[in-house]
Each structure stands twice: as structure tokens, then as C-alpha cells.
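So this block is final.cif, mmCIF, C-alpha atoms:
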data_final
#
loop_
_atom_site.group_PDB
_atom_site.id
_atom_site.type_symbol
_atom_site.label_atom_id
_atom_site.label_comp_id
_atom_site.auth_asym_id
_atom_site.auth_seq_id
_atom_site.Cartn_x
_atom_site.Cartn_y
_atom_site.Cartn_z
ATOM 1 C CA MET P 1 3.472 38.227 9.008
ATOM 2 C CA GLN P 2 0.321 36.184 8.997
ATOM 3 C CA ILE P 3 -0.217 32.847 7.308
ATOM 4 C CA ARG P 4 -3.051 30.380 7.459
ATOM 5 C CA LEU P 5 -1.808 27.194 9.085
ATOM 6 C CA ASN P 6 -3.985 24.085 9.286
ATOM 7 C CA GLY P 7 -7.105 26.177 8.836
ATOM 8 C CA LYS P 8 -6.271 28.866 11.396
ATOM 9 C CA PRO P 9 -4.511 32.255 11.186
ATOM 10 C CA ARG P 10 -1.001 32.244 12.661
ATOM 11 C CA GLU P 11 1.747 34.820 13.152
ATOM 12 C CA VAL P 12 5.166 33.732 11.932
ATOM 13 C CA ALA P 13 8.487 35.498 11.342
ATOM 14 C CA GLU P 14 9.041 37.225 7.987
ATOM 15 C CA GLY P 15 10.900 35.010 5.554
ATOM 16 C CA ILE P 16 10.491 31.853 7.598
ATOM 17 C CA SER P 17 11.334 28.616 5.815
ATOM 18 C CA ILE P 18 9.230 25.479 6.091
ATOM 19 C CA ARG P 19 12.090 23.769 7.881
ATOM 20 C CA ARG P 20 12.198 26.557 10.467
ATOM 21 C CA LEU P 21 8.426 26.511 10.898
ATOM 22 C CA LEU P 22 8.493 22.766 11.584
ATOM 23 C CA ASP P 23 11.312 23.266 14.099
ATOM 24 C CA GLU P 24 9.332 25.954 15.905
ATOM 25 C CA LEU P 25 6.300 23.690 16.037
ATOM 26 C CA GLY P 26 8.417 20.825 17.347
ATOM 27 C CA LEU P 27 7.538 18.611 14.373
ATOM 28 C CA HIS P 28 9.853 16.025 12.909
ATOM 29 C CA PRO P 29 10.250 16.584 9.154
ATOM 30 C CA MET P 30 10.284 12.831 8.561
ATOM 31 C CA ARG P 31 6.823 12.412 10.042
ATOM 32 C CA VAL P 32 4.889 15.079 8.190
ATOM 33 C CA ALA P 33 3.820 16.179 4.728
ATOM 34 C CA VAL P 34 3.552 19.865 3.894
ATOM 35 C CA GLN P 35 1.262 21.521 1.415
ATOM 36 C CA ARG P 36 1.649 25.191 0.563
ATOM 37 C CA ASN P 37 -1.077 26.944 -1.448
ATOM 38 C CA GLN P 38 -2.277 23.587 -2.824
ATOM 39 C CA ASP P 39 1.226 22.407 -3.805
ATOM 40 C CA ILE P 40 2.857 19.527 -1.977
ATOM 41 C CA ILE P 41 6.383 20.559 -0.970
ATOM 42 C CA LYS P 42 8.939 17.770 -1.178
ATOM 43 C CA ARG P 43 10.943 17.161 1.967
ATOM 44 C CA ASP P 44 14.282 18.091 0.388
ATOM 45 C CA ARG P 45 12.934 21.580 -0.329
ATOM 46 C CA TYR P 46 11.850 22.448 3.254
ATOM 47 C CA GLU P 47 15.014 24.481 3.778
ATOM 48 C CA GLU P 48 14.760 26.565 0.622
ATOM 49 C CA VAL P 49 11.005 27.209 0.480
ATOM 50 C CA VAL P 50 10.322 30.507 2.221
ATOM 51 C CA LEU P 51 6.771 31.405 3.194
ATOM 52 C CA GLN P 52 5.047 34.571 2.001
ATOM 53 C CA PRO P 53 2.352 36.584 3.812
ATOM 54 C CA ASP P 54 -1.125 35.019 3.471
ATOM 55 C CA ASP P 55 0.236 31.659 2.388
ATOM 56 C CA THR P 56 -2.016 28.732 3.186
ATOM 57 C CA VAL P 57 0.010 25.959 4.751
ATOM 58 C CA GLU P 58 -1.171 22.506 5.695
ATOM 59 C CA ILE P 59 0.928 20.150 7.801
ATOM 60 C CA LEU P 60 -0.294 16.584 7.768
ATOM 61 C CA THR P 61 0.730 13.348 9.362
ATOM 62 C CA ILE P 62 -0.300 9.731 9.732
ATOM 63 C CA MET P 63 -3.332 9.206 11.939
ATOM 64 C CA ALA P 64 -5.566 6.288 12.821
ATOM 65 C CA GLY P 65 -7.924 5.200 10.072
ATOM 66 C CA GLY P 66 -9.744 2.273 8.520
ATOM 67 C CA MET T 67 -9.121 -21.709 -7.856
ATOM 68 C CA ARG T 68 -7.359 -19.078 -5.813
ATOM 69 C CA ASP T 69 -5.117 -21.514 -4.003
ATOM 70 C CA GLY T 70 -1.945 -19.529 -3.307
ATOM 71 C CA ALA T 71 -0.383 -20.113 0.090
ATOM 72 C CA THR T 72 0.006 -16.390 0.701
ATOM 73 C CA LEU T 73 -1.676 -13.125 -0.220
ATOM 74 C CA LYS T 74 0.319 -11.670 -3.096
ATOM 75 C CA PHE T 75 -0.053 -8.538 -5.140
ATOM 76 C CA ALA T 76 2.297 -6.178 -6.927
ATOM 77 C CA GLY T 77 5.353 -8.187 -5.875
ATOM 78 C CA LYS T 78 4.429 -8.034 -2.190
ATOM 79 C CA GLU T 79 3.631 -11.079 -0.135
ATOM 80 C CA PHE T 80 1.685 -11.386 3.104
ATOM 81 C CA HIS T 81 1.163 -14.510 5.188
ATOM 82 C CA SER T 82 -1.885 -13.112 6.919
ATOM 83 C CA ARG T 83 -5.022 -12.610 4.852
ATOM 84 C CA LEU T 84 -6.532 -10.307 7.434
ATOM 85 C CA ILE T 85 -5.943 -6.578 6.965
ATOM 86 C CA VAL T 86 -6.994 -4.347 9.836
ATOM 87 C CA GLY T 87 -7.641 -0.669 10.373
ATOM 88 C CA THR T 88 -6.281 1.490 13.176
ATOM 89 C CA GLY T 89 -9.305 3.761 13.681
ATOM 90 C CA LYS T 90 -11.925 3.961 16.437
ATOM 91 C CA TYR T 91 -10.038 2.094 19.173
ATOM 92 C CA PRO T 92 -10.648 3.222 22.758
ATOM 93 C CA ASP T 93 -6.903 3.959 23.035
ATOM 94 C CA TYR T 94 -3.581 3.171 21.328
ATOM 95 C CA PRO T 95 -2.441 0.435 23.754
ATOM 96 C CA THR T 96 -5.674 -1.484 23.031
ATOM 97 C CA MET T 97 -5.116 -1.006 19.309
ATOM 98 C CA GLN T 98 -1.577 -2.255 19.643
ATOM 99 C CA LYS T 99 -2.716 -5.439 21.400
ATOM 100 C CA ALA T 100 -5.543 -5.953 18.911
ATOM 101 C CA LEU T 101 -3.170 -5.634 15.950
ATOM 102 C CA GLU T 102 -0.964 -8.238 17.524
ATOM 103 C CA ALA T 103 -3.882 -10.601 18.229
ATOM 104 C CA SER T 104 -5.177 -10.212 14.660
ATOM 105 C CA GLY T 105 -1.929 -11.501 13.201
ATOM 106 C CA ALA T 106 -2.293 -8.865 10.466
ATOM 107 C CA GLU T 107 0.786 -7.704 8.589
ATOM 108 C CA LEU T 108 -0.921 -4.942 6.667
ATOM 109 C CA VAL T 109 -2.670 -2.164 8.593
ATOM 110 C CA THR T 110 -4.514 0.854 7.280
ATOM 111 C CA VAL T 111 -3.880 4.427 8.363
ATOM 112 C CA ALA T 112 -5.123 7.877 7.343
ATOM 113 C CA VAL T 113 -3.502 11.215 6.568
ATOM 114 C CA ARG T 114 -4.812 14.155 8.580
ATOM 115 C CA ARG T 115 -3.767 17.563 9.875
ATOM 116 C CA VAL T 116 -1.254 17.583 12.702
ATOM 117 C CA ASN T 117 -2.921 18.812 15.881
ATOM 118 C CA LEU T 118 -1.100 22.066 16.635
ATOM 119 C CA ASP T 119 -3.193 22.990 19.674
ATOM 120 C CA ARG T 120 -1.939 20.254 21.891
ATOM 121 C CA LYS T 121 0.789 17.672 21.803
ATOM 122 C CA GLU T 122 -0.656 14.289 20.965
ATOM 123 C CA GLU T 123 0.787 10.825 21.130
ATOM 124 C CA SER T 124 1.728 9.575 17.695
ATOM 125 C CA LEU T 125 -0.010 6.550 16.280
ATOM 126 C CA LEU T 126 3.369 5.538 14.892
ATOM 127 C CA ASP T 127 4.740 5.099 18.424
ATOM 128 C CA TYR T 128 2.364 2.156 18.757
ATOM 129 C CA ILE T 129 3.043 0.441 15.455
ATOM 130 C CA ASP T 130 6.220 -1.571 14.981
ATOM 131 C CA LEU T 131 7.182 -0.767 11.409
ATOM 132 C CA LYS T 132 9.435 -3.810 11.224
ATOM 133 C CA ARG T 133 6.416 -5.984 11.759
ATOM 134 C CA TYR T 134 3.616 -4.125 9.981
ATOM 135 C CA THR T 135 3.307 -2.595 6.550
ATOM 136 C CA LEU T 136 1.232 0.567 6.585
ATOM 137 C CA LEU T 137 -1.468 1.017 3.989
ATOM 138 C CA PRO T 138 -2.601 4.654 3.811
ATOM 139 C CA ASN T 139 -6.211 5.290 2.855
ATOM 140 C CA THR T 140 -7.968 8.190 1.154
ATOM 141 C CA ALA T 141 -10.962 8.115 3.484
ATOM 142 C CA GLY T 142 -13.153 11.176 3.321
ATOM 143 C CA CYS T 143 -12.300 12.006 -0.286
ATOM 144 C CA TYR T 144 -15.200 12.714 -2.618
ATOM 145 C CA THR T 145 -13.330 13.430 -5.847
ATOM 146 C CA ALA T 146 -10.567 11.688 -7.792
ATOM 147 C CA GLU T 147 -8.457 14.826 -7.466
ATOM 148 C CA ASP T 148 -8.702 14.850 -3.665
ATOM 149 C CA ALA T 149 -8.036 11.129 -3.383
ATOM 150 C CA CYS T 150 -4.919 11.427 -5.542
ATOM 151 C CA LYS T 151 -3.715 14.322 -3.439
ATOM 152 C CA TYR T 152 -4.075 12.314 -0.224
ATOM 153 C CA ALA T 153 -2.214 9.374 -1.766
ATOM 154 C CA ARG T 154 0.650 11.710 -2.697
ATOM 155 C CA LEU T 155 0.625 13.326 0.764
ATOM 156 C CA ALA T 156 0.878 9.883 2.352
ATOM 157 C CA ARG T 157 3.892 9.187 0.155
ATOM 158 C CA GLU T 158 5.471 12.441 1.360
ATOM 159 C CA VAL T 159 5.049 11.346 4.982
ATOM 160 C CA GLY T 160 7.171 8.346 4.025
ATOM 161 C CA MET T 161 4.464 5.762 3.476
ATOM 162 C CA PRO T 162 4.914 3.058 0.849
ATOM 163 C CA GLU T 163 3.645 3.969 -2.612
ATOM 164 C CA MET T 164 0.541 1.975 -1.924
ATOM 165 C CA VAL T 165 -2.972 3.182 -1.307
ATOM 166 C CA LYS T 166 -6.325 1.909 -0.162
ATOM 167 C CA LEU T 167 -8.197 4.075 -2.596
ATOM 168 C CA GLU T 168 -11.550 5.360 -1.415
ATOM 169 C CA VAL T 169 -13.547 7.873 -3.394
ATOM 170 C CA ILE T 170 -16.867 8.268 -1.670
ATOM 171 C CA GLY T 171 -20.018 9.212 -3.561
ATOM 172 C CA ASP T 172 -22.592 9.465 -0.811
ATOM 173 C CA GLN T 173 -22.298 10.667 2.761
ATOM 174 C CA ARG T 174 -24.947 8.457 4.302
ATOM 175 C CA THR T 175 -23.966 5.106 2.831
ATOM 176 C CA LEU T 176 -20.309 5.915 2.114
ATOM 177 C CA PHE T 177 -20.773 4.008 -1.141
ATOM 178 C CA PRO T 178 -17.991 4.602 -3.657
ATOM 179 C CA ASP T 179 -18.289 6.935 -6.629
ATOM 180 C CA ASN T 180 -17.429 4.533 -9.440
ATOM 181 C CA GLU T 181 -16.594 7.163 -12.024
ATOM 182 C CA GLU T 182 -14.204 9.092 -9.788
ATOM 183 C CA LEU T 183 -12.734 5.880 -8.393
ATOM 184 C CA LEU T 184 -11.803 4.648 -11.849
ATOM 185 C CA LYS T 185 -10.323 8.018 -12.746
ATOM 186 C CA ALA T 186 -8.214 8.111 -9.565
ATOM 187 C CA THR T 187 -7.087 4.505 -10.094
ATOM 188 C CA ARG T 188 -5.814 5.332 -13.582
ATOM 189 C CA THR T 189 -3.983 8.441 -12.385
ATOM 190 C CA LEU T 190 -2.281 6.781 -9.414
ATOM 191 C CA VAL T 191 -1.318 3.638 -11.348
ATOM 192 C CA LYS T 192 0.337 5.901 -13.911
ATOM 193 C CA GLU T 193 2.242 7.598 -11.083
ATOM 194 C CA GLY T 194 3.574 4.246 -9.902
ATOM 195 C CA PHE T 195 1.308 3.614 -6.918
ATOM 196 C CA ILE T 196 0.093 0.171 -5.926
ATOM 197 C CA VAL T 197 -3.624 0.875 -5.991
ATOM 198 C CA LEU T 198 -6.148 -1.110 -3.950
ATOM 199 C CA PRO T 199 -9.551 0.390 -4.710
ATOM 200 C CA TYR T 200 -12.526 0.057 -2.368
ATOM 201 C CA VAL T 201 -15.497 -0.573 -4.639
ATOM 202 C CA ASN T 202 -19.133 -1.646 -4.717
ATOM 203 C CA ASP T 203 -19.785 -5.377 -5.087
ATOM 204 C CA ASP T 204 -20.105 -4.782 -8.814
ATOM 205 C CA PRO T 205 -18.399 -7.273 -11.158
ATOM 206 C CA VAL T 206 -18.383 -4.870 -14.130
ATOM 207 C CA MET T 207 -16.669 -2.179 -12.098
ATOM 208 C CA ALA T 208 -14.234 -4.704 -10.609
ATOM 209 C CA LYS T 209 -13.181 -5.670 -14.134
ATOM 210 C CA LYS T 210 -12.719 -2.047 -15.151
ATOM 211 C CA LEU T 211 -10.509 -1.465 -12.110
ATOM 212 C CA GLU T 212 -8.440 -4.548 -12.898
ATOM 213 C CA ASP T 213 -8.025 -3.335 -16.472
ATOM 214 C CA ALA T 214 -6.986 0.084 -15.121
ATOM 215 C CA GLY T 215 -4.122 -1.572 -13.258
ATOM 216 C CA ALA T 216 -5.474 -2.050 -9.731
ATOM 217 C CA ALA T 217 -3.202 -4.477 -7.833
ATOM 218 C CA ALA T 218 -6.184 -5.945 -5.988
ATOM 219 C CA VAL T 219 -9.864 -5.096 -5.892
ATOM 220 C CA MET T 220 -11.677 -4.557 -2.607
ATOM 221 C CA PRO T 221 -15.438 -4.944 -2.895
ATOM 222 C CA LEU T 222 -17.590 -4.048 0.086
ATOM 223 C CA GLY T 223 -19.567 -6.707 1.913
ATOM 224 C CA ALA T 224 -21.925 -4.046 3.256
ATOM 225 C CA PRO T 225 -21.643 -0.302 4.063
ATOM 226 C CA ILE T 226 -18.563 0.765 6.062
ATOM 227 C CA GLY T 227 -19.071 0.256 9.785
ATOM 228 C CA SER T 228 -22.522 -1.334 9.306
ATOM 229 C CA GLY T 229 -21.587 -4.817 10.510
ATOM 230 C CA LEU T 230 -24.209 -6.328 8.189
ATOM 231 C CA GLY T 231 -21.916 -9.014 6.792
ATOM 232 C CA LEU T 232 -21.824 -10.041 3.129
ATOM 233 C CA ARG T 233 -25.126 -8.747 1.753
ATOM 234 C CA ASN T 234 -24.614 -10.147 -1.700
ATOM 235 C CA PRO T 235 -22.311 -13.157 -1.629
ATOM 236 C CA HIS T 236 -23.390 -14.053 -5.188
ATOM 237 C CA ASN T 237 -21.942 -10.828 -6.550
ATOM 238 C CA ILE T 238 -18.700 -11.509 -4.684
ATOM 239 C CA MET T 239 -18.665 -14.988 -6.295
ATOM 240 C CA ILE T 240 -19.157 -13.454 -9.736
ATOM 241 C CA ILE T 241 -16.334 -10.976 -9.083
ATOM 242 C CA LEU T 242 -14.092 -13.891 -8.060
ATOM 243 C CA GLN T 243 -14.686 -15.431 -11.467
ATOM 244 C CA ALA T 244 -14.574 -12.194 -13.435
ATOM 245 C CA ILE T 245 -11.075 -11.019 -12.523
ATOM 246 C CA GLN T 246 -7.630 -12.415 -11.812
ATOM 247 C CA VAL T 247 -6.165 -9.990 -9.253
ATOM 248 C CA PRO T 248 -6.732 -10.648 -5.522
ATOM 249 C CA ILE T 249 -10.181 -9.870 -4.119
ATOM 250 C CA ILE T 250 -10.223 -8.475 -0.609
ATOM 251 C CA VAL T 251 -13.609 -7.928 1.009
ATOM 252 C CA ASP T 252 -13.423 -4.482 2.569
ATOM 253 C CA ALA T 253 -16.166 -3.206 4.873
ATOM 254 C CA GLY T 254 -19.318 -4.715 6.273
ATOM 255 C CA VAL T 255 -17.914 -7.458 8.479
ATOM 256 C CA GLY T 256 -19.669 -7.518 11.851
ATOM 257 C CA THR T 257 -18.475 -10.704 13.454
ATOM 258 C CA ALA T 258 -16.240 -13.699 12.906
ATOM 259 C CA SER T 259 -18.689 -15.694 10.769
ATOM 260 C CA ASP T 260 -18.888 -12.818 8.251
ATOM 261 C CA ALA T 261 -15.128 -12.969 7.761
ATOM 262 C CA ALA T 262 -15.272 -16.750 7.469
ATOM 263 C CA VAL T 263 -18.010 -16.528 4.803
ATOM 264 C CA ALA T 264 -15.882 -14.169 2.700
ATOM 265 C CA MET T 265 -12.929 -16.523 2.910
ATOM 266 C CA GLU T 266 -15.037 -19.649 2.269
ATOM 267 C CA LEU T 267 -16.213 -18.093 -0.984
ATOM 268 C CA GLY T 268 -12.574 -17.945 -2.067
ATOM 269 C CA CYS T 269 -11.727 -14.323 -1.418
ATOM 270 C CA ASP T 270 -8.019 -13.645 -1.017
ATOM 271 C CA GLY T 271 -8.397 -11.533 2.084
ATOM 272 C CA VAL T 272 -10.638 -9.475 4.341
ATOM 273 C CA LEU T 273 -10.151 -5.912 5.536
ATOM 274 C CA MET T 274 -11.933 -4.674 8.632
ATOM 275 C CA ASN T 275 -11.764 -2.004 11.286
ATOM 276 C CA THR T 276 -15.003 -1.297 13.183
ATOM 277 C CA ALA T 277 -15.826 -4.971 13.783
ATOM 278 C CA ILE T 278 -12.681 -5.232 15.894
ATOM 279 C CA ALA T 279 -12.248 -1.707 17.251
ATOM 280 C CA GLY T 280 -15.918 -1.381 18.200
ATOM 281 C CA ALA T 281 -16.252 -4.787 19.879
ATOM 282 C CA LYS T 282 -16.698 -4.914 23.644
ATOM 283 C CA ASP T 283 -13.306 -6.622 23.824
ATOM 284 C CA PRO T 284 -11.343 -5.563 20.729
ATOM 285 C CA VAL T 285 -8.330 -7.762 21.496
ATOM 286 C CA MET T 286 -10.449 -10.900 21.864
ATOM 287 C CA MET T 287 -12.392 -10.031 18.714
ATOM 288 C CA ALA T 288 -9.134 -9.533 16.808
ATOM 289 C CA ASP T 289 -8.098 -13.042 17.824
ATOM 290 C CA ALA T 290 -11.515 -14.370 16.754
ATOM 291 C CA MET T 291 -11.145 -12.667 13.369
ATOM 292 C CA ARG T 292 -7.706 -14.159 12.846
ATOM 293 C CA LYS T 293 -9.133 -17.630 13.479
ATOM 294 C CA ALA T 294 -12.187 -16.982 11.301
ATOM 295 C CA VAL T 295 -10.079 -15.848 8.355
ATOM 296 C CA GLU T 296 -7.810 -18.873 8.734
ATOM 297 C CA ALA T 297 -10.749 -21.267 9.170
ATOM 298 C CA GLY T 298 -12.589 -19.805 6.189
ATOM 299 C CA ARG T 299 -9.499 -20.074 4.040
ATOM 300 C CA GLN T 300 -8.921 -23.702 5.048
ATOM 301 C CA ALA T 301 -12.550 -24.577 4.373
ATOM 302 C CA TYR T 302 -12.252 -23.026 0.907
ATOM 303 C CA LEU T 303 -9.101 -25.001 0.138
ATOM 304 C CA ALA T 304 -10.546 -28.195 1.632
ATOM 305 C CA GLY T 305 -13.568 -27.915 -0.669
ATOM 306 C CA ARG T 306 -17.008 -27.884 0.875
ATOM 307 C CA ILE T 307 -19.701 -30.472 0.080
ATOM 308 C CA PRO T 308 -22.448 -29.448 -2.331
ATOM 309 C CA LYS T 309 -25.721 -28.241 -0.810
ATOM 310 C CA LYS T 310 -28.627 -30.689 -1.214
ATOM 311 C CA MET T 311 -32.368 -30.574 -0.535
ATOM 312 C CA TYR T 312 -32.610 -33.934 1.249
ATOM 313 C CA ALA T 313 -30.700 -35.930 3.817
ATOM 314 C CA SER T 314 -28.007 -38.452 3.050
ATOM 315 C CA ALA T 315 -27.201 -40.721 5.979
ATOM 316 C CA SER T 316 -23.732 -40.564 7.495
ATOM 317 C CA THR T 317 -24.074 -44.114 8.767
ATOM 318 C CA THR T 318 -24.555 -47.049 6.431
ATOM 319 C CA MET T 319 -27.723 -49.185 6.597
ATOM 320 C CA GLU T 320 -25.604 -52.284 5.976
ATOM 321 C CA GLY T 321 -25.175 -54.608 8.971
ATOM 322 C CA MET T 322 -28.415 -53.647 10.716
ATOM 323 C CA ILE T 323 -30.325 -56.541 12.311
ATOM 324 C CA GLU T 324 -33.482 -57.763 10.559
#
What's the C-alpha cells form of this structure?
Amino acid sequence: MQIRLNGKPREVAEGISIRRLLDELGLHPMRVAVQRNQDIIKRDRYEEVVLQPDDTVEILTIMAGG
Amino acid sequence: MRDGATLKFAGKEFHSRLIVGTGKYPDYPTMQKALEASGAELVTVAVRRVNLDRKEESLLDYIDLKRYTLLPNTAGCYTAEDACKYARLAREVGMPEMVKLEVIGDQRTLFPDNEELLKATRTLVKEGFIVLPYVNDDPVMAKKLEDAGAAAVMPLGAPIGSGLGLRNPHNIMIILQAIQVPIIVDAGVGTASDAAVAMELGCDGVLMNTAIAGAKDPVMMADAMRKAVEAGRQAYLAGRIPKKMYASASTTMEGMIE
């Protein structure tokens, strides 16, 4: 199925959880924040939240800034 | 008189009065050395999309979290709603519940949007954040932010990244008298004397990024800024002489030959 991830279309497995998506992307759950369709998903829910087709997902982290 | 030995707000205490940003450095190792030279304990960071196209080094690999406290910003936000969202996202990444709150009102000057800034301050204070708003050098607005629960108020010296120094020191002086919470001059510093001026006026701290990161030698400039902030603070505590129109001799006339 297709989702929109960080502004770009991306193919992911049906029924993929946020936890699984982060694993596949090689991202450490402790170093990111995840927003799904405008809602911030708390870290302890990464396992249980399953993505749906056409979901908009944003994965953010700490970057340099002033 | 703001004569505390340390910079204190919301139950936190910092020995350094210089807060530095992590943006715009030529590379992370230079940033790391500059942070060290600055003596800063509080450093600002941003929240942005993870780069999924290529593996990047993490900023966090270059910041010793035992030594530095991270202060996430809401740079690039133009509404209270967006700014609040970024503060919450930073908290999700594991940052302290503390935010350098920026709500920008104009792209060219990056001046704050007072109305949205006040709204965001109220919301985030209610949610338990330590809110440090970046604001115009406006005493009325500074008071409103203090009343809204801001832990410190951060008036600009001049537009972000402009290096113009303190354009209106008199307003900063009025703000210092108008409110009780710490005043940290944020933005506008170009060189060491600008930082010293802010501290000589009695400000509790100075926050800067471009002045260090954009210098020809960022590490040396960071060291200069550390000294300037310390020197300015000492001069404030020592109490400067009043300004006068005419000379007053340093050497007595007594004992001169006739």
C-alpha cells in the first residue's frame, strides 16, 4: 500500500506498524517523533498503531538550529 | 539589580550566561569545538524531518548530553498552532519540556508575531512547558509574556542573523525594569562588544548562533563571546561610572610646583 512519508509517496507493507516502519528505515525510536495524519503518536504506541493506505506520516528528529 | 550569581529560571540553574545555537556551522566537529569554547551549558536545536534519502550523521553524536542541556526551538513557525506542535514534537523526541518559542510574523525581518506568540505562550505554559519566548524589544509585550507565565523573556537586539548589535538599548533597559523574570537578549549580536553591551545593561544572558557559526574562525569567536559575556556581567556588577559631558582629572592638582 502507499503512504505519504515525509512529503513523498512510499510503498510499505499492508498493516505495517509504526515500530516496524522505523525498524525498516533503520531509525531509533528514541531519537524520533512521529506524526500520523496530524496527530502526534506517543512512543509507547508505536507497536500498536497500524498504518492505513494514504496515511500521511512525518518522522522528525533533532537537527541543528539557532 | 539583577545580581544573582547564576542564570536561574523555572528551577533550573546555569553557570554560563551564554546560550548558543547549533545551526550554520561548517561541520559538526567545528560546532562541537565552538560549543566547548563558548562555555555554554544550554544549546538550541531544531526539530525537522529525518532525511530518508541518505544516511546522515546525527547532531546528537556531537553533543554530550551530560554536559549540555538542549533547548528546542520552534524556528520557522508562523502560527501559534504550528509552534505548539513543534514544541510537543520536540518533547516526543525526548527533549526537556522547555522551548525557545519563536512565532514569526514576517519572512524578511523574521520579527515575531506578538499576538500568536502570546497565544502560544499561554497554551504551552498550561501544558507544563518552560517557555522562553523570542520577542521584539517591546516592554509592553515583555510584560504580557511574563504575566502569561514565560520563564524568561528573550527580546531581540536586532533581526536574527543581522549582526547589527543592540539597536535599541534603551528599550532593553526599560524591559529590565518592567519585568522580574530573566531577560536574555536573543538575536542581533554580531561581535563580542555587542554581547558585552547586553550584559553591561544588566541582562541575565545572551543567546546567539550566527555570530559564532558564521565567523571566519567560529571556535575563536566562541571563546571571545564567552569572555565578552563574562566581562559584561562583571562590569554590570562592578557598577560603571556615570557618563559626564566634561573631563574630570584622574590625577590631583595638589603637590604641583608653583
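With the cut-off set to 7 Å and all atoms listed in the file counted, chain P residues close to chain T are Asn6, Met30, Arg31, Val32, Ala33, Lys42, Glu58, Ile59, Leu60, Thr61, Ile62, Met63, Ala64, Gly65 and Gly66 of chain P.
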Quiz item: Mind pulling up the distance from CA of Asp93 in chain T to CA of Gly26 in chain P?
Solution: 23.5 Å
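Atom pair CA of Asn37 in chain P / CA of Thr145 in chain T: separated by 18.8 Å.
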Self-check item: the PyMOL selection byres ((chain P and resi 10-15) around 9) applied to the shown file, residues as number ranges by chain
Solution: P: 1-5, 8-9, 16-17, 21, 50-53
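What the PyMOL selection byres ((chain P and resi 48) around 9) picks from this file is Ser17, Ile18, Arg19, Asp44, Arg45, Tyr46, Glu47, Val49 and Val50 of chain P.
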Practice problem: Write out as a VMD selection string which residues come within 8 Å of Phe80 in chain T when counting only C-alpha atoms, dropping same-chain ones fewer than 6 positions away. | Solution: chain T and resid 72 to 74 107 to 108
Selection to disk with C-alpha atoms, as a CSV table (one decimal), in the coordinates of the input:
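Output file result-v5.csv follows:
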chain,number,residue,atom,x,y,z
T,72,THR,CA,0.0,-16.4,0.7
T,73,LEU,CA,-1.7,-13.1,-0.2
T,74,LYS,CA,0.3,-11.7,-3.1
T,107,GLU,CA,0.8,-7.7,8.6
T,108,LEU,CA,-0.9,-4.9,6.7
Quiz item: Which protein, DNA or RNA residues are at most 6 Å from (-14.9, -20.3, 0.7) in the file's coordinates when you count all atoms listed in the file, listed as an MDAnalysis selection string?
Solution: chainID T and resid 265:268 298 302
